Amino acid sequence: MDFDDTPAEAAFRIEAREWLASQAGPRTGDLHRKVMSGDESYVGPSRAWQRTLYDAGWAGIMWPTEFGGRGGTAVQDAIFAQEQQRFEVSAGLFMVAITMVGPTIIAHGTEAQKQRFLDPILRGDTVWCQLFSEPGAGSDLANLGTRAERDGDEWVVNGQKVWTSHAHLADWGILLARSNPDAPKHRGITFFLVDMRTPGIDVRPLRQMTGAAHFNEVFFTDVRVPAANVLGPVDGGWRVTMTTLTSERGAIGGGEGVTSWDEIRRLFLASSRVDDPVARDAVIEAYIRSELLRFFGYR
């Protein structure tokens with residue numbers, strides 16, 4: 001298989017690299033360290049960078065042009081991610097919004113939902129989180145315990161989610177809840193768009209061994225969600241979810257990760273352990289793993 005750029009892809013790469021070089025400095029790793037340590041001072045620069053992408057027409061490369069995107073290909077999206085990694089910027093705070101929420105609203109949303117949510121996502125005005133995983137469900141996503149009951153023009157949600165990235169920073173969330181307990185488990189689920197400032201939502205950070213808290217538990221106690229915030233058909237949320245998960249897989253496969261091999265190599269060569277055979281073996285193993293991840297991404 002030929003992994004080299006086609007002439008058109010090479011031209012796109014040059015265009016992206018030149019624009020990035022005109023807007024940002026070379027990567028130092030300082031911003032990445034803030035992200036990984038939980039230092040939330042990275043949030044402001046991330047929002048500003050997303051707005052820069054939006055203003056220049058680089059936000060939402062795969063989004064259709066009618067919704068403010070570039071109308072590009074998955075390969076172009078991956079190329080831009082590769083090139084962006086060379087610079088001291090971060091758009092990771094908006095990964096859920098850009099690569100998962102936006103495509104799902106485009107595919108399943110009403111015109112009112114598209115008008116309300118899509119442009120603020122691209123501009124970096126709203127941070128989103130994914131309220132899917134539950135403590136008792138494991139990898140069986142459809143085995144939901146969170147319930148949603150209809151009450152007039154609202155739904156009342158009760159339950160718990162876990163391992164929710166950026167829930168403590170999020171303005172909105174995409175939520176799966178059991179809306180019909182009598183239906184087969186894949187057919188009684190509804191997909192909601194939830195304002196994270198709604199009364200009854202309790203976000204509790206999960207502290208990691210590094211001291212950072214990227215993940216959260218989220219508890220819902222009589223949370224009222226407007227019926228207008230249902231995405232797709234009532235009890236038909238599983239099909240909507242498949243759109244989200246397909247977009248997520250593409251984003252993970254096309255991305256380059258948070259730490260590049262070049263950065264690892266540079267740090268190692270600047271260290272005092274260059275001649276240590278054990279350390280050298282560890283670095284070579286890191287290289288092999290990075291290459292495996294790269295080729296899995298291509299697949």
# chains A, B, ... in the order shown; residues from 1 in each chain; ligands from 1
>>> residues_around(residues="Ala56 of chain A", least_positions_apart="5", cutoff="12 Å", atoms="only C-alpha atoms", output="compact mmCIF listing (two decimals) with N, CA and C atoms, in the first residue's frame")
# COMPACT_ATOMS: atom_id res chain seq x y z
N ALA A 16 -1.75 23.79 4.30
CA ALA A 16 -2.03 23.74 5.74
C ALA A 16 -0.80 24.14 6.55
N TRP A 19 -0.10 27.90 6.34
CA TRP A 19 -1.06 28.69 7.12
C TRP A 19 -0.78 28.54 8.61
N LEU A 20 -0.54 27.31 9.07
CA LEU A 20 -0.26 27.08 10.49
C LEU A 20 0.99 27.85 10.92
N SER A 22 2.04 30.55 9.80
CA SER A 22 1.76 31.99 9.85
C SER A 22 0.94 32.37 11.09
N GLN A 23 0.38 31.37 11.77
CA GLN A 23 -0.52 31.64 12.88
C GLN A 23 0.00 31.19 14.24
N TRP A 49 -7.87 29.37 19.77
CA TRP A 49 -7.36 28.69 18.59
C TRP A 49 -8.50 28.17 17.72
N GLN A 50 -9.54 27.63 18.35
CA GLN A 50 -10.68 27.15 17.58
C GLN A 50 -11.34 28.29 16.82
N ARG A 51 -11.41 29.45 17.44
CA ARG A 51 -11.98 30.61 16.75
C ARG A 51 -11.09 31.04 15.58
N ILE A 61 -13.09 20.47 8.85
CA ILE A 61 -12.61 20.20 7.49
C ILE A 61 -13.53 19.24 6.75
N GLY A 68 -20.84 25.41 7.29
CA GLY A 68 -19.68 26.16 7.73
C GLY A 68 -18.36 25.41 7.64
N GLY A 69 -18.39 24.16 7.17
CA GLY A 69 -17.17 23.37 7.07
C GLY A 69 -16.43 23.61 5.76
N ARG A 70 -15.43 22.78 5.54
CA ARG A 70 -14.59 22.93 4.36
C ARG A 70 -14.98 21.96 3.24
N LEU A 122 -18.46 25.11 15.77
CA LEU A 122 -17.29 25.42 14.93
C LEU A 122 -16.52 26.62 15.46
N ARG A 123 -17.21 27.60 16.00
CA ARG A 123 -16.55 28.81 16.51
C ARG A 123 -15.77 28.56 17.79
>>> select_by_dssp(residues="segment 128-283 of chain A", states="strand (DSSP E)", output="PyMOL selection string")
chain A and resi 128-131+147-151+154-161+172-178+189-195+201-206+215-226
>>> write_last_selection(atoms="C-alpha atoms", output="CSV table (one decimal), in the first residue's frame")
chain,number,residue,atom,x,y,z
A,128,TRP,CA,-19.4,19.3,24.6
A,129,CYS,CA,-19.0,16.0,26.4
A,130,GLN,CA,-20.2,12.4,25.7
A,131,LEU,CA,-22.6,11.0,28.3
A,147,ARG,CA,-33.9,6.5,32.5
A,148,ALA,CA,-35.8,9.3,30.7
A,149,GLU,CA,-39.6,9.7,31.3
A,150,ARG,CA,-41.8,12.0,29.3
A,151,ASP,CA,-43.6,14.8,31.2
A,154,GLU,CA,-40.0,17.8,28.8
A,155,TRP,CA,-38.2,14.6,29.7
A,156,VAL,CA,-37.1,13.8,33.3
A,157,VAL,CA,-33.8,12.1,33.4
A,158,ASN,CA,-32.4,10.0,36.4
A,159,GLY,CA,-29.2,8.0,36.4
A,160,GLN,CA,-25.4,8.1,36.3
A,161,LYS,CA,-22.6,8.2,33.7
A,172,TRP,CA,-23.4,20.7,26.6
A,173,GLY,CA,-23.5,17.0,26.5
A,174,ILE,CA,-24.9,14.2,24.3
A,175,LEU,CA,-26.8,11.8,26.4
A,176,LEU,CA,-28.2,8.3,25.9
A,177,ALA,CA,-31.1,7.3,28.2
A,178,ARG,CA,-33.6,4.4,28.4
A,189,ILE,CA,-33.1,4.4,23.8
A,190,THR,CA,-33.4,8.1,23.1
A,191,PHE,CA,-30.6,10.5,22.2
A,192,PHE,CA,-30.7,13.9,24.0
A,193,LEU,CA,-28.8,17.2,23.7
A,194,VAL,CA,-28.4,18.3,27.3
A,195,ASP,CA,-27.4,21.7,28.8
A,201,ILE,CA,-26.7,17.6,37.1
A,202,ASP,CA,-23.8,16.8,39.5
A,203,VAL,CA,-20.3,16.5,37.9
A,204,ARG,CA,-17.7,14.8,40.1
A,205,PRO,CA,-14.1,14.6,38.8
A,206,LEU,CA,-12.3,11.3,39.0
A,215,PHE,CA,-12.6,12.1,33.5
A,216,ASN,CA,-15.8,12.5,35.6
A,217,GLU,CA,-18.8,10.8,37.1
A,218,VAL,CA,-22.0,12.6,36.2
A,219,PHE,CA,-25.2,12.1,38.2
A,220,PHE,CA,-28.7,13.1,37.0
A,221,THR,CA,-31.4,13.7,39.5
A,222,ASP,CA,-34.8,14.7,38.1
A,223,VAL,CA,-33.0,16.6,35.3
A,224,ARG,CA,-35.5,18.2,33.0
A,225,VAL,CA,-34.6,18.2,29.3
A,226,PRO,CA,-36.9,20.0,26.7
>>> closest_residue(among="A:Leu118, A:Met100, A:Arg197, A:Ile14", to="Gln84 of chain A", atoms="only C-alpha atoms")
A:Ile14
>>> select_by_dssp(residues="segment 5-231 of chain A", states="helix (DSSP H, G or I)", output="PyMOL selection string")
chain A and resi 7-23+30-37+40-56+65-67+74-84+92-108+111-123+227-229
>>> atom_distance(atom1="atom CA of Thr28 of chain A", atom2="atom CA of Tyr42 of chain A")
14.0 Å
>>> closest_residue(among="A:His168, A:Val75, A:Met209, A:Arg27", to="Phe3 of chain A", atoms="only C-alpha atoms")
A:Val75
>>> residues_around(residues="segment 271-287 of chain A", least_positions_apart="5", cutoff="12 Å", atoms="only C-alpha atoms", output="list of chain:residue names")
A:Thr259, A:Ser260, A:Trp261, A:Asp262, A:Glu263, A:Ile264, A:Arg265, A:Arg266, A:Leu292, A:Leu293, A:Arg294
>>> atom_distance(atom1="atom CA of Asn229 of chain A", atom2="atom CA of Gln113 of chain A")
7.8 Å
>>> atom_distance(atom1="atom CA of Gln85 of chain A", atom2="atom CA of Ile121 of chain A")
21.2 Å
>>> closest_residue(among="A:Ala24, A:Leu269, A:Ala167, A:Ala8", to="Phe132 of chain A", atoms="only C-alpha atoms")
A:Ala167
>>> closest_residue(among="A:Asp125, A:Ser41, A:Thr6, A:Arg239", to="Tyr54 of chain A", atoms="only C-alpha atoms")
A:Asp125
>>> residues_around(residues="Gly109 of chain A", least_positions_apart="5", cutoff="10 Å", atoms="only C-alpha atoms", output="PyMOL selection string")
chain A and resi 102-104+114-115+117+229-233+240
>>> closest_residue(among="A:Leu144, A:Leu267, A:Ala78, A:Ala213", to="Asn180 of chain A", atoms="only C-alpha atoms")
A:Leu144
